[in-house]
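Q: My questions all concern the structure below.
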Amino acid sequence: MSSIPSGDAADSPNARAEPAVDEEEPLLEVEGLRTEFHTDRGTVTAVDGVDLSLGAGEIVGLVGESGSGKSVLARSIMGLVDDPGEIADGDVRIRGESLVNTDESRLNELRGSTISMVFQDPMHSLNPTLSVGEQIAETVRLNQDVGESVSLPAEVKRKIFGAAENSEAWRRAIEMLEAVQIPEPAARAGDFPHEFSGGMRQRAMLAIALSCEPDLLIADEPTTALDVTIQAQILDELRELKDAFDTTILLITHNLAVVAETCDRVNVMYAGEIVERAPTETLFESPSHPYTQGLIASTPRVDNPEADLQPIPGSVPDGVGEQPPCKFAIRCPEAKPGCYEQIPHFRDVGDDHGVACLRRGPESEQL
Amino acid sequence: MSGANPTAPDGSTDNSEKAHNNPSSIAGGEVYPGAAPPERFRDDGHIAPRRTFRERLVVGLRNDRKALAGAVVVVGFVFTALLAPIIAPYDPNTTFTVMQDPATSSTTGDGEFFHLLGTDSYGHDVLSRIIYGAQVSLLVAAATVLFAFTIGTAIGVVAGYYGGWVDTVLMRYVDFQWAFPTLILAAGIIAFAGGLGVWNVIIAIGVAFIDDFARLVRGEVLSLREEEYVMSARAIGMSDTRIMAKEILPNAVAPIIVQVTLMIPLAILAEAGLSFLGLGVTPTTPTWGLMLSEGRQFLSQAWWISVFPGFAIMITVLAFNMFGDGLRDVFDVKEGEVSDR
Amino acid sequence: MKRYVAKRVLYALFVMWLVATVVFFGLRAIPGGPIRAMLGPEATPEAVEALRTDLGLDQPLYIQYVDWFTGLFVGDLGTSITTGQEITVLLSAAVPRTFSIAIVGVAVGLLLAIPAGIVSATRKHEPADYVATVAAFLGLSMPAFFIGILLAIVFGVQLGWLPIYGYTPVEEGAGPWFRSILLPGIAVGLPYAAIVMRMMRSSLLETMNEPYMTTARAKGVDSRVRLYKHAMQNALIPVITVAGIQVALILVGSVTVEIVFGINGIGRMLVDSILDRNYPVTQAVILLVAAIMVFTNLAVDILYTFIDPRIRYGGEQ
């Protein structure tokens with residue numbers, strides 16, 4: 001029944017002691033992932049031993065502040081981490097196939113078709129010199145067999161003269177634009193990104209990402225750069241598309257409200273580690289980790305606008321040099337001297353609810 | 001339970017500025033909400049992990065071999081120019097045997113004289129003339145850049161600070177000047193100023209360089225103004241205004257310093273060009289451009305008359321360019337900001 | 001887009017008017033008066049008066065100004081003091097020579113710079129990059145006339161492959177014509193290539209770091225297609241600007257290189273006229289050069305409209 005191997009990476013604070021809830025084969029498994037960046041100030045461990053698992057058809061949230069490593073985690077999964085960064089340890093598996101040890105050409109095959117990613121900045125994530133339709137059609141051509149060449153000369157020709165309007169790929173592009181509710185899709189497909197508004201650009205990015213019906217969609221802060229009203233629309237969009245295409249979504253954000261609204265399960269990330277995971281309702285009703293509690297306490301609430309905000313003192317560590325076993329202890333109101341001596345392994349505090357804190361759970365240490 | 005424990009038990013505080021262990025920057029007061037961490041995980045209250053301006057400059061230059069090499073040659077050039085009478089083997093106007101080959105000796109009535117770089121068509125020792133030529137190049141380049149910098153900065157500051165129609169008018173002039181390539185503008189000014197000579201050359205080239213400085217300084221003034229608004233907004237809250245002045249101001253000045261460093265080689269090239277055309281400083285002063293011009297007719301018989309001064313120009317200009325490029329990298333100025341036309 | 005082009009054209013015309021005006025006053029602002037400067041201190045009063053009338057400098061200033069501009073429109077740029085020929089005639093002989101050198105220079109420059117810039121950017125920090133970067137530095141550090149002299153010595157004197165003096169017009173054969181302008185063309189083209197190459201390299205590096213390149217990678221687009229289909233057009237935009245502006249460098253180079261190779265182009269005309277105090281000619285050449293600069297930049301601006309969809313298709317919804 002346990003489909004996630006229990007941590008033999010005994011030093012990782014995230015080694016799970018309990019089997020996963022999901023009974024089927026997980027779609028995506030991240031195991032003990034560690035991603036490092038070698039800068040001239042030293043080696044920064046942006047992702048430090050993360051375990052994650054996603055099943056089919058769910059929307060899983062990954063919450064953290066800037067500097068928590070969530071974007072690096074997303075890129076590590078997609079294999080987009082370059083010099084001076086590298087994946088130093090651990091594995092990422094999609095349907096059992098390891099992504100960490102494959103070559104670029106296999107990764108290219110999987111990208112767009114099996115795993116897709118939507119990025120944070122719709123203003124700059126679309127190529128200004130290619131029409132929106134072409135950017136979608138290209139994905140279709142690359143990942144599906146529509147009988148059109150993707151050789152270099154063919155692509156350059158398409159760049160200069162535009163795509164053939166009667167081609168299958170172009171037709172699909174228009175369909176996708178319609179699916180993401182862009183008005184007048186056939187006309188708009190020939191437009192360039194600067195002719196789209198921010199919200200429309202993000203929808204276009206969704207169209208690109210979902211055009212080949214990937215099994216997994218990683219959405220890195222998809223709504224951060226957008227107005228609040230548009231944010232709501234995009235989130236609705238995401239849910240509908242998930243249902244329509246049966247895609248699993250990993251939704252990365254720093255915005256708790258987005259998570260509350262959209263996700264089935266949540267992982268809380270701090271300083272490169274997952275510190276708590278729970279179903280959404282559980283997380284908000286009974287947050288366990290002091291960091292999670294601090295995050296929720298520092299969020300302004302509509303239902304209690306006069307409540308004092310309690311910011312968490314200090315700031316996220318920069319990951320250079322020797323790290324204490326619990327990275328949050330220095331900012332934690334419940335820290336005891338023993339918190340600086342032992343690694344807080346993951347433990348259960350409820351149904352499907354795990355936390356990495358020495359002072360929680362039935363095994364809470366004497367400190 | 002919440003421990004306020006700013007200094008370690010042994011009373012030491014670590015205030016060094018080296019890259020340090022930063023598990024969490026609880027700035028300044030060092031009040032920990034929970035139990036205090038052991039010494040090795042503690043933060044020393046460092047506010048900005050970024051190095052200070054001066055540190056970046058020194059470290060950046062030390063690591064850039066290209067820039068260092070350039071700096072060394074530049075210093076060598078300056079010393080050569082300043083100490084010319086001492087370094088040069090002979091007086092630049094003394095004549096020996098005409099068109100003597102390099103690395104040979106000429107014999108006249110008074111004895112044997114070695115010419116490392118040969119002699120020219122008048123019999124002057126090429127090496128000595130090159131060394132003295134450095135003086136002219138240095139003088140003209142420095143004066144030119146100073147002139148252009150002064151006037152260009154004045155224009156840029158006025159345009160950026162006052163804005164409005166003053167800005168528009170001044171910038172129209174700058175745009176207009178763009179239509180004239182340096183050498184041609186300089187030649188034109190010399191023509192219309194009615195004659196040759198050092199001062200005319202300095203002014204002519206200097207005027208040609210005004211637009212680059214004006215545009216750059218204006219841009220800096222505009223962005224400084226933005227910073228002021230930001231500063232006053234923040235003054236209500238947290239930041240140390242003094243630190244911002246120590247960081248922002250040097251950063252604004254940085255592109256200007258880079259521009260000055262990169263303009264000097266352009267001035268040297270321009271002066272050489274004018275001399276080559278016969279429009280430069282008076283024909284009797286040995287200048288590198290003039291030497292190239294004099295040697296032009298003798299390419300088949302005495303190639304060294306032109307080639308060695310040419311290499312002198314090349315090495316000096318190259319050195320300034322490498323140094324200036326290194327400076328630009330250190331200050332992190334984008335290539336488009338400083339013009340190296 | 002039409003508005004953009006119209007604005008640019010108007011602006012170019014404005015600058016040209018400004019230039020012509022400044023040149024007009026520049027001549028008349030010569031210390032001691034242009035006539036005396038041209039004729040020298042021993043000139044007789046009659047000679048001075050004669051020249052003054054000849055040049056129309058005895059007329060009231062505003063009439064001179066109008067005459068000047070009408071002359072420009074009609075193509076009458078005056079006559080040379082020294083030879084009495086019409087300047088337009090002199091220019092029509094000189095311009096093709098300079099133009100030939102310039103064409104070769106730009107062609108050599110771009111053919112070297114763009115591939116070198118691409119290689120340098122895609123193989124950053126590898127040996128190819130270092131070689132190209134060093135070569136660019138050298139190209140920037142040598143004045144065009146020195147490059148010309150070196151080329152003349154190596155290919156002309158030592159190897160005897162190419163002529164180092166004189167110009168052969170196209171009419172006398174394409175081969176000889178090309179051989180007479182190849183060395184001067186390379187001499188003006190190398191410094192130009194150096195600047196364009198550096199811009200190509202830095203622009204491409206910057207483009208590769210843009211978020212949309214990551215998007216392309218995340219879609220599974222392979223690296224060569226990413227370079228040519230996704231990156232190049234964006235990267236070329238600033239390169240085209242530089243390539244246009246630096247035509248100035250080609251013109252400047254031409255002035256000195258023409259002297260080296262004994263080619264009587266407009267560079268030669270300019271220098272001779274200054275040394276001879278042949279001011280009407282100086283005036284005309286400066287005006288011509290400014291016109292070339294202004295209209296080259298205008299051409300680049302217009303070229304933008306084809307390359308950058310943001311300009312072609314206006315603004316946002």
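For the structure tokens, the naming scheme is as follows: chains receive sequential letters (A, B, ...) according to their order of presentation, residues are indexed from 1 within each chain, and ligands are indexed from 1 in presentation order.
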Need to verify the contact set: Gln135 (chain A), 8 Å, only C-alpha atoms, exclusion of same-chain residues closer than 5 positions in sequence. Can you return it as a ChimeraX atom specification?

A: /A:127,130,208

Q: Give me the residues of chain A that have any atom at most 10 Å from an atom of chain B; for each, the nearest atom pair and the distance in Å, rounded to one decimal. Use only C-alpha atoms, sort by chain and number, and format it as CSV.

A:
residue,atom,partner,partner_atom,distance
A:Asp40,CA,B:Ala19,CA,9.6
A:Arg41,CA,B:Ala19,CA,6.4
A:Gly42,CA,B:Ala19,CA,8.5
A:Ala271,CA,B:Pro23,CA,9.8
A:Ile312,CA,B:Pro33,CA,9.3
A:Pro313,CA,B:Ile26,CA,6.9
A:Gly314,CA,B:Ile26,CA,4.2
A:Ser315,CA,B:Ser25,CA,5.9
A:Val316,CA,B:Ser24,CA,6.1
A:Pro317,CA,B:Ser24,CA,4.4
A:Asp318,CA,B:Asn22,CA,6.5
A:Gly319,CA,B:Pro23,CA,6.9
A:Val320,CA,B:Asn21,CA,6.2
A:Gly321,CA,B:Asn21,CA,5.1
A:Glu322,CA,B:Asn21,CA,6.5
A:Gln323,CA,B:Pro23,CA,6.1
A:Pro324,CA,B:Phe41,CA,6.6
A:Lys327,CA,B:Pro23,CA,7.2
A:Phe328,CA,B:Ser24,CA,8.5
A:Ala329,CA,B:Gly34,CA,7.4
A:Ile330,CA,B:Pro37,CA,6.4
A:Arg331,CA,B:Pro33,CA,6.1
A:Cys332,CA,B:Gly34,CA,5.5
A:Pro333,CA,B:Gly34,CA,4.2
A:Glu334,CA,B:Gly34,CA,5.2
A:Ala335,CA,B:Gly34,CA,4.4
A:Lys336,CA,B:Ala35,CA,4.9
A:Pro337,CA,B:Ala35,CA,5.7
A:Gly338,CA,B:Ala35,CA,9.0
A:Cys339,CA,B:Ala35,CA,8.6
A:Tyr340,CA,B:Pro37,CA,6.7
A:Glu341,CA,B:Pro38,CA,9.6

Q: Got time to write the residues from that selection, C-alpha atoms, as a compact mmCIF listing (two decimals), in the first residue's frame?

A:
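File produced: out34.txt:
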# COMPACT_ATOMS: atom_id res chain seq x y z
CA ASP A 40 30.81 33.09 -5.31
CA ARG A 41 29.36 33.58 -1.87
CA GLY A 42 29.25 29.86 -1.33
CA ALA A 271 13.91 27.38 3.22
CA ILE A 312 7.00 36.64 11.61
CA PRO A 313 10.19 38.34 12.84
CA GLY A 314 13.33 38.12 10.74
CA SER A 315 13.54 36.92 7.18
CA VAL A 316 14.07 33.78 5.17
CA PRO A 317 17.63 32.46 5.41
CA ASP A 318 19.76 32.71 2.33
CA GLY A 319 20.96 29.15 2.47
CA VAL A 320 24.67 29.85 2.59
CA GLY A 321 26.95 28.09 4.99
CA GLU A 322 26.12 25.80 7.86
CA GLN A 323 22.43 25.41 8.50
CA PRO A 324 20.84 24.50 11.83
CA LYS A 327 15.83 26.10 9.78
CA PHE A 328 12.87 27.89 11.26
CA ALA A 329 13.93 27.69 14.89
CA ILE A 330 15.66 31.01 14.93
CA ARG A 331 12.39 32.76 14.12
CA CYS A 332 10.14 30.38 16.03
CA PRO A 333 8.33 31.51 19.18
CA GLU A 334 8.27 27.93 20.43
CA ALA A 335 11.93 27.20 19.93
CA LYS A 336 13.76 25.34 22.67
CA PRO A 337 17.53 24.84 22.91
CA GLY A 338 17.05 21.25 21.79
CA CYS A 339 15.60 22.52 18.51
CA TYR A 340 19.12 23.42 17.46
CA GLU A 341 20.40 19.94 18.09

Q: Residues of chain C within 7 Å of chain B, using only C-alpha atoms, as a compact mmCIF listing (two decimals) with C-alpha atoms, in the first residue's frame?

A:
# COMPACT_ATOMS: atom_id res chain seq x y z
CA VAL C 15 17.51 67.70 -38.34
CA GLY C 26 29.50 78.18 -39.45
CA LEU C 27 31.05 79.38 -42.64
CA ILE C 30 35.03 82.05 -39.27
CA PRO C 31 37.28 84.39 -37.33
CA PHE C 137 38.98 44.35 -28.88
CA LEU C 138 41.82 44.55 -31.35
CA SER C 141 41.75 49.55 -30.82
CA MET C 142 43.30 50.06 -34.19
CA PRO C 143 42.50 53.14 -36.20
CA PHE C 146 46.58 51.76 -39.44
CA ILE C 153 52.19 46.29 -46.41
CA VAL C 157 54.03 45.28 -50.76
CA ALA C 248 29.44 56.85 -38.87
CA VAL C 252 35.16 58.34 -40.55
CA THR C 256 41.58 58.44 -43.51
CA VAL C 260 46.24 55.78 -47.34
CA VAL C 271 40.72 67.03 -46.18
CA ILE C 274 40.23 72.16 -45.34
CA ALA C 290 25.32 64.69 -42.19
CA MET C 293 23.98 59.89 -41.29
CA VAL C 294 20.47 61.21 -40.87

Q: Env of Val170 (chain C): 12 Å cut, atoms = only C-alpha atoms, seq-sep filter 2 positions within chain, self excluded. Answer as a ChimeraX atom specification.

A: /C:96-97,100,167-168,172-181

Q: Kindly export the residues of the current selection with N, CA and C atoms, as a PDB file, in the first residue's frame.

A:
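Printed below is result_23.pdb as written:
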ATOM      1  N   PRO C  96      30.897  57.953 -55.698  1.00  0.00           N
ATOM      2  CA  PRO C  96      30.931  56.520 -55.997  1.00  0.00           C
ATOM      3  C   PRO C  96      32.143  55.821 -55.390  1.00  0.00           C
ATOM      4  N   ARG C  97      33.257  56.535 -55.296  1.00  0.00           N
ATOM      5  CA  ARG C  97      34.440  55.904 -54.733  1.00  0.00           C
ATOM      6  C   ARG C  97      34.243  55.590 -53.254  1.00  0.00           C
ATOM      7  N   SER C 100      31.695  52.859 -52.772  1.00  0.00           N
ATOM      8  CA  SER C 100      32.215  51.501 -53.007  1.00  0.00           C
ATOM      9  C   SER C 100      32.928  50.984 -51.770  1.00  0.00           C
ATOM     10  N   TYR C 167      42.119  54.013 -57.673  1.00  0.00           N
ATOM     11  CA  TYR C 167      40.769  53.439 -57.751  1.00  0.00           C
ATOM     12  C   TYR C 167      40.451  53.133 -59.203  1.00  0.00           C
ATOM     13  N   THR C 168      39.879  51.975 -59.431  1.00  0.00           N
ATOM     14  CA  THR C 168      39.466  51.645 -60.782  1.00  0.00           C
ATOM     15  C   THR C 168      37.944  51.677 -60.849  1.00  0.00           C
ATOM     16  N   GLU C 172      35.463  50.123 -65.864  1.00  0.00           N
ATOM     17  CA  GLU C 172      36.661  49.523 -66.455  1.00  0.00           C
ATOM     18  C   GLU C 172      36.804  48.061 -66.084  1.00  0.00           C
ATOM     19  N   GLY C 173      35.782  47.502 -65.543  1.00  0.00           N
ATOM     20  CA  GLY C 173      35.859  46.074 -65.225  1.00  0.00           C
ATOM     21  C   GLY C 173      35.554  45.832 -63.760  1.00  0.00           C
ATOM     22  N   ALA C 174      34.674  44.868 -63.516  1.00  0.00           N
ATOM     23  CA  ALA C 174      34.271  44.609 -62.134  1.00  0.00           C
ATOM     24  C   ALA C 174      35.428  44.049 -61.335  1.00  0.00           C
ATOM     25  N   GLY C 175      36.211  43.203 -61.920  1.00  0.00           N
ATOM     26  CA  GLY C 175      37.336  42.598 -61.212  1.00  0.00           C
ATOM     27  C   GLY C 175      38.326  43.627 -60.703  1.00  0.00           C
ATOM     28  N   PRO C 176      38.892  44.423 -61.605  1.00  0.00           N
ATOM     29  CA  PRO C 176      39.842  45.446 -61.154  1.00  0.00           C
ATOM     30  C   PRO C 176      39.209  46.420 -60.158  1.00  0.00           C
ATOM     31  N   TRP C 177      37.962  46.740 -60.389  1.00  0.00           N
ATOM     32  CA  TRP C 177      37.293  47.645 -59.452  1.00  0.00           C
ATOM     33  C   TRP C 177      37.290  47.047 -58.052  1.00  0.00           C
ATOM     34  N   PHE C 178      36.883  45.799 -57.989  1.00  0.00           N
ATOM     35  CA  PHE C 178      36.806  45.152 -56.694  1.00  0.00           C
ATOM     36  C   PHE C 178      38.174  45.052 -56.048  1.00  0.00           C
ATOM     37  N   ARG C 179      39.165  44.736 -56.837  1.00  0.00           N
ATOM     38  CA  ARG C 179      40.493  44.599 -56.253  1.00  0.00           C
ATOM     39  C   ARG C 179      41.005  45.924 -55.738  1.00  0.00           C
ATOM     40  N   SER C 180      40.585  47.002 -56.356  1.00  0.00           N
ATOM     41  CA  SER C 180      41.086  48.292 -55.882  1.00  0.00           C
ATOM     42  C   SER C 180      40.404  48.746 -54.602  1.00  0.00           C
ATOM     43  N   ILE C 181      39.216  48.228 -54.328  1.00  0.00           N
ATOM     44  CA  ILE C 181      38.548  48.679 -53.101  1.00  0.00           C
ATOM     45  C   ILE C 181      38.520  47.639 -52.005  1.00  0.00           C
TER      46      ILE C 181
END

Q: Mind listing as an MDAnalysis selection string which residues of chain C are within 12 Å of chain A, counting only C-alpha atoms?

A: chainID C and resid 207:237 305:317

Q: Grab the residues selected above and save them as a compact mmCIF listing (two decimals), in the first residue's frame with N, CA and C atoms.

A:
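Listed below is the output, result.txt:
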# COMPACT_ATOMS: atom_id res chain seq x y z
N THR C 207 19.04 38.10 -24.59
CA THR C 207 17.80 37.50 -25.07
C THR C 207 17.64 36.09 -24.55
N MET C 208 18.73 35.35 -24.51
CA MET C 208 18.63 33.96 -24.05
C MET C 208 18.20 33.89 -22.59
N ASN C 209 18.39 34.99 -21.85
CA ASN C 209 17.98 34.98 -20.46
C ASN C 209 16.56 35.44 -20.24
N GLU C 210 15.89 35.77 -21.31
CA GLU C 210 14.53 36.26 -21.15
C GLU C 210 13.60 35.12 -20.74
N PRO C 211 12.54 35.45 -20.01
CA PRO C 211 11.61 34.40 -19.57
C PRO C 211 11.01 33.62 -20.73
N TYR C 212 10.77 34.27 -21.85
CA TYR C 212 10.11 33.50 -22.92
C TYR C 212 11.02 32.42 -23.49
N MET C 213 12.30 32.54 -23.30
CA MET C 213 13.18 31.46 -23.74
C MET C 213 13.01 30.25 -22.83
N THR C 214 12.79 30.50 -21.54
CA THR C 214 12.51 29.37 -20.64
C THR C 214 11.20 28.71 -21.02
N THR C 215 10.22 29.53 -21.38
CA THR C 215 8.94 28.95 -21.82
C THR C 215 9.17 28.02 -23.00
N ALA C 216 9.98 28.49 -23.94
CA ALA C 216 10.23 27.66 -25.11
C ALA C 216 10.88 26.35 -24.71
N ARG C 217 11.82 26.43 -23.79
CA ARG C 217 12.48 25.22 -23.35
C ARG C 217 11.51 24.29 -22.65
N ALA C 218 10.64 24.89 -21.85
CA ALA C 218 9.68 24.07 -21.11
C ALA C 218 8.68 23.40 -22.05
N LYS C 219 8.57 23.90 -23.27
CA LYS C 219 7.68 23.28 -24.24
C LYS C 219 8.35 22.13 -24.96
N GLY C 220 9.66 22.04 -24.82
CA GLY C 220 10.36 20.96 -25.50
C GLY C 220 10.98 21.37 -26.81
N VAL C 221 11.13 22.68 -27.05
CA VAL C 221 11.75 23.13 -28.30
C VAL C 221 13.26 22.89 -28.21
N ASP C 222 13.84 22.37 -29.28
CA ASP C 222 15.27 22.06 -29.16
C ASP C 222 16.15 23.29 -29.34
N SER C 223 17.43 23.15 -28.99
CA SER C 223 18.25 24.34 -28.79
C SER C 223 18.49 25.12 -30.07
N ARG C 224 18.63 24.45 -31.21
CA ARG C 224 18.90 25.23 -32.42
C ARG C 224 17.66 25.99 -32.88
N VAL C 225 16.52 25.35 -32.74
CA VAL C 225 15.30 26.06 -33.11
C VAL C 225 15.08 27.22 -32.15
N ARG C 226 15.41 27.01 -30.89
CA ARG C 226 15.26 28.11 -29.93
C ARG C 226 16.12 29.29 -30.36
N LEU C 227 17.32 29.00 -30.80
CA LEU C 227 18.23 30.08 -31.18
C LEU C 227 17.70 30.84 -32.38
N TYR C 228 17.36 30.11 -33.43
CA TYR C 228 17.03 30.81 -34.68
C TYR C 228 15.59 31.24 -34.77
N LYS C 229 14.70 30.47 -34.20
CA LYS C 229 13.30 30.88 -34.33
C LYS C 229 12.87 31.78 -33.19
N HIS C 230 13.33 31.51 -32.00
CA HIS C 230 12.83 32.25 -30.85
C HIS C 230 13.69 33.43 -30.45
N ALA C 231 15.00 33.26 -30.58
CA ALA C 231 15.88 34.28 -30.03
C ALA C 231 16.34 35.32 -31.06
N MET C 232 16.69 34.88 -32.25
CA MET C 232 17.40 35.76 -33.18
C MET C 232 16.71 37.07 -33.46
N GLN C 233 15.44 37.00 -33.79
CA GLN C 233 14.79 38.24 -34.19
C GLN C 233 14.82 39.26 -33.06
N ASN C 234 14.55 38.79 -31.85
CA ASN C 234 14.61 39.69 -30.71
C ASN C 234 16.01 40.23 -30.50
N ALA C 235 16.99 39.34 -30.65
CA ALA C 235 18.36 39.76 -30.40
C ALA C 235 18.85 40.74 -31.46
N LEU C 236 18.33 40.60 -32.67
CA LEU C 236 18.83 41.45 -33.75
C LEU C 236 18.40 42.90 -33.63
N ILE C 237 17.34 43.14 -32.89
CA ILE C 237 16.80 44.51 -32.88
C ILE C 237 17.83 45.54 -32.43
N THR C 305 10.27 48.77 -38.25
CA THR C 305 8.84 48.49 -38.33
C THR C 305 8.60 47.12 -38.93
N PHE C 306 9.57 46.64 -39.68
CA PHE C 306 9.38 45.30 -40.23
C PHE C 306 9.85 44.23 -39.27
N ILE C 307 10.76 44.60 -38.41
CA ILE C 307 11.36 43.57 -37.58
C ILE C 307 10.66 43.41 -36.24
N ASP C 308 10.16 44.50 -35.71
CA ASP C 308 9.59 44.44 -34.36
C ASP C 308 8.08 44.51 -34.44
N PRO C 309 7.41 43.41 -34.20
CA PRO C 309 5.95 43.40 -34.33
C PRO C 309 5.28 44.40 -33.41
N ARG C 310 5.97 44.77 -32.33
CA ARG C 310 5.35 45.70 -31.41
C ARG C 310 5.17 47.07 -32.06
N ILE C 311 6.05 47.38 -33.00
CA ILE C 311 5.90 48.65 -33.69
C ILE C 311 4.97 48.50 -34.88
N ARG C 312 5.09 47.37 -35.54
CA ARG C 312 4.29 47.16 -36.73
C ARG C 312 2.81 47.17 -36.40
N TYR C 313 2.47 46.52 -35.33
CA TYR C 313 1.05 46.33 -35.05
C TYR C 313 0.56 47.16 -33.90
N GLY C 314 1.25 48.27 -33.62
CA GLY C 314 0.71 49.22 -32.65
C GLY C 314 0.60 48.68 -31.26
N GLY C 315 -0.31 49.24 -30.49
CA GLY C 315 -0.30 48.96 -29.06
C GLY C 315 -1.28 47.92 -28.61
N GLU C 316 -1.60 47.97 -27.34
CA GLU C 316 -2.41 46.94 -26.71
C GLU C 316 -3.89 47.11 -26.94
N GLN C 317 -4.62 46.04 -26.68
CA GLN C 317 -6.09 46.12 -26.70
C GLN C 317 -6.53 47.06 -25.60

Q: Which distance in Å separates CA of Glu276 (chain A) and CA of Pro84 (chain A), to one decimal?

A: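 Computing the Euclidean distance for CA of Glu276 (chain A) and CA of Pro84 (chain A) yields 29.2 Å.
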
Q: Skipping near chain neighbours, those fewer than 3 positions away, what residues fall within 9 Å of Thr299 (chain A) using only C-alpha atoms, listed as a ChimeraX atom specification?

A: /A:256-257,294-296,309-311

Q: Apply DSSP to the structure's backbone, then extract all residues of region 75-269 of chain B labelled strand (DSSP E or B) and return them as a list in words.

A: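 Here is the list: Thr95, Thr104, Ser105, Ser106, Thr107, Thr108, Gly111, Glu112, Phe113, Phe114, His115, Thr119, His124 and Asp125 of chain B.
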
Q: Could the residues in this selection be written to a file with N, CA and C atoms, as a PDB file, in the first residue's frame?

A:
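out34.pdb was written with the following content:
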ATOM      1  N   THR B  95      68.820  64.338 -35.806  1.00  0.00           N
ATOM      2  CA  THR B  95      68.802  63.474 -36.985  1.00  0.00           C
ATOM      3  C   THR B  95      70.025  62.555 -37.029  1.00  0.00           C
ATOM      4  N   THR B 104      69.201  48.158 -35.509  1.00  0.00           N
ATOM      5  CA  THR B 104      70.562  48.325 -36.049  1.00  0.00           C
ATOM      6  C   THR B 104      71.105  49.629 -35.526  1.00  0.00           C
ATOM      7  N   SER B 105      72.354  49.865 -35.820  1.00  0.00           N
ATOM      8  CA  SER B 105      72.970  51.112 -35.366  1.00  0.00           C
ATOM      9  C   SER B 105      73.341  51.972 -36.551  1.00  0.00           C
ATOM     10  N   SER B 106      73.241  53.251 -36.343  1.00  0.00           N
ATOM     11  CA  SER B 106      73.679  54.165 -37.390  1.00  0.00           C
ATOM     12  C   SER B 106      75.025  54.753 -36.981  1.00  0.00           C
ATOM     13  N   THR B 107      75.820  55.061 -37.960  1.00  0.00           N
ATOM     14  CA  THR B 107      77.097  55.690 -37.643  1.00  0.00           C
ATOM     15  C   THR B 107      77.142  57.066 -38.267  1.00  0.00           C
ATOM     16  N   THR B 108      77.379  58.036 -37.418  1.00  0.00           N
ATOM     17  CA  THR B 108      77.616  59.381 -37.935  1.00  0.00           C
ATOM     18  C   THR B 108      79.008  59.783 -37.451  1.00  0.00           C
ATOM     19  N   GLY B 111      79.826  58.945 -33.733  1.00  0.00           N
ATOM     20  CA  GLY B 111      79.883  57.612 -33.133  1.00  0.00           C
ATOM     21  C   GLY B 111      78.754  56.725 -33.579  1.00  0.00           C
ATOM     22  N   GLU B 112      78.561  55.653 -32.859  1.00  0.00           N
ATOM     23  CA  GLU B 112      77.534  54.683 -33.202  1.00  0.00           C
ATOM     24  C   GLU B 112      76.305  54.865 -32.325  1.00  0.00           C
ATOM     25  N   PHE B 113      75.125  54.840 -32.935  1.00  0.00           N
ATOM     26  CA  PHE B 113      73.899  55.014 -32.163  1.00  0.00           C
ATOM     27  C   PHE B 113      72.934  53.887 -32.495  1.00  0.00           C
ATOM     28  N   PHE B 114      72.471  53.255 -31.459  1.00  0.00           N
ATOM     29  CA  PHE B 114      71.573  52.125 -31.668  1.00  0.00           C
ATOM     30  C   PHE B 114      70.133  52.605 -31.781  1.00  0.00           C
ATOM     31  N   HIS B 115      69.430  52.088 -32.795  1.00  0.00           N
ATOM     32  CA  HIS B 115      68.030  52.470 -32.966  1.00  0.00           C
ATOM     33  C   HIS B 115      67.165  51.223 -32.870  1.00  0.00           C
ATOM     34  N   THR B 119      65.037  54.473 -37.841  1.00  0.00           N
ATOM     35  CA  THR B 119      64.854  55.921 -37.983  1.00  0.00           C
ATOM     36  C   THR B 119      63.906  56.196 -39.135  1.00  0.00           C
ATOM     37  N   HIS B 124      65.165  60.839 -37.839  1.00  0.00           N
ATOM     38  CA  HIS B 124      64.875  60.865 -36.406  1.00  0.00           C
ATOM     39  C   HIS B 124      64.742  59.459 -35.854  1.00  0.00           C
ATOM     40  N   ASP B 125      65.127  59.267 -34.606  1.00  0.00           N
ATOM     41  CA  ASP B 125      64.977  57.960 -33.971  1.00  0.00           C
ATOM     42  C   ASP B 125      63.504  57.703 -33.677  1.00  0.00           C
TER      43      ASP B 125
END

Q: Considering only C-alpha atoms, return as a PyMOL selection string whatever protein or nucleic-acid residues lie within 7 Å of Gly148 (chain C), sequence-local ones (same chain, fewer than 4 positions apart) excluded.

A: chain C and resi 144+152+183-184+187+257+260

Q: Between C:Leu249, C:Ile81, C:Leu112, C:Val19, which residue has the minimum interatomic distance to Ala135 (chain C), considering only C-alpha atoms?

A: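 Among the listed residues, the smallest separation from Ala135 (chain C) belongs to C:Leu112.
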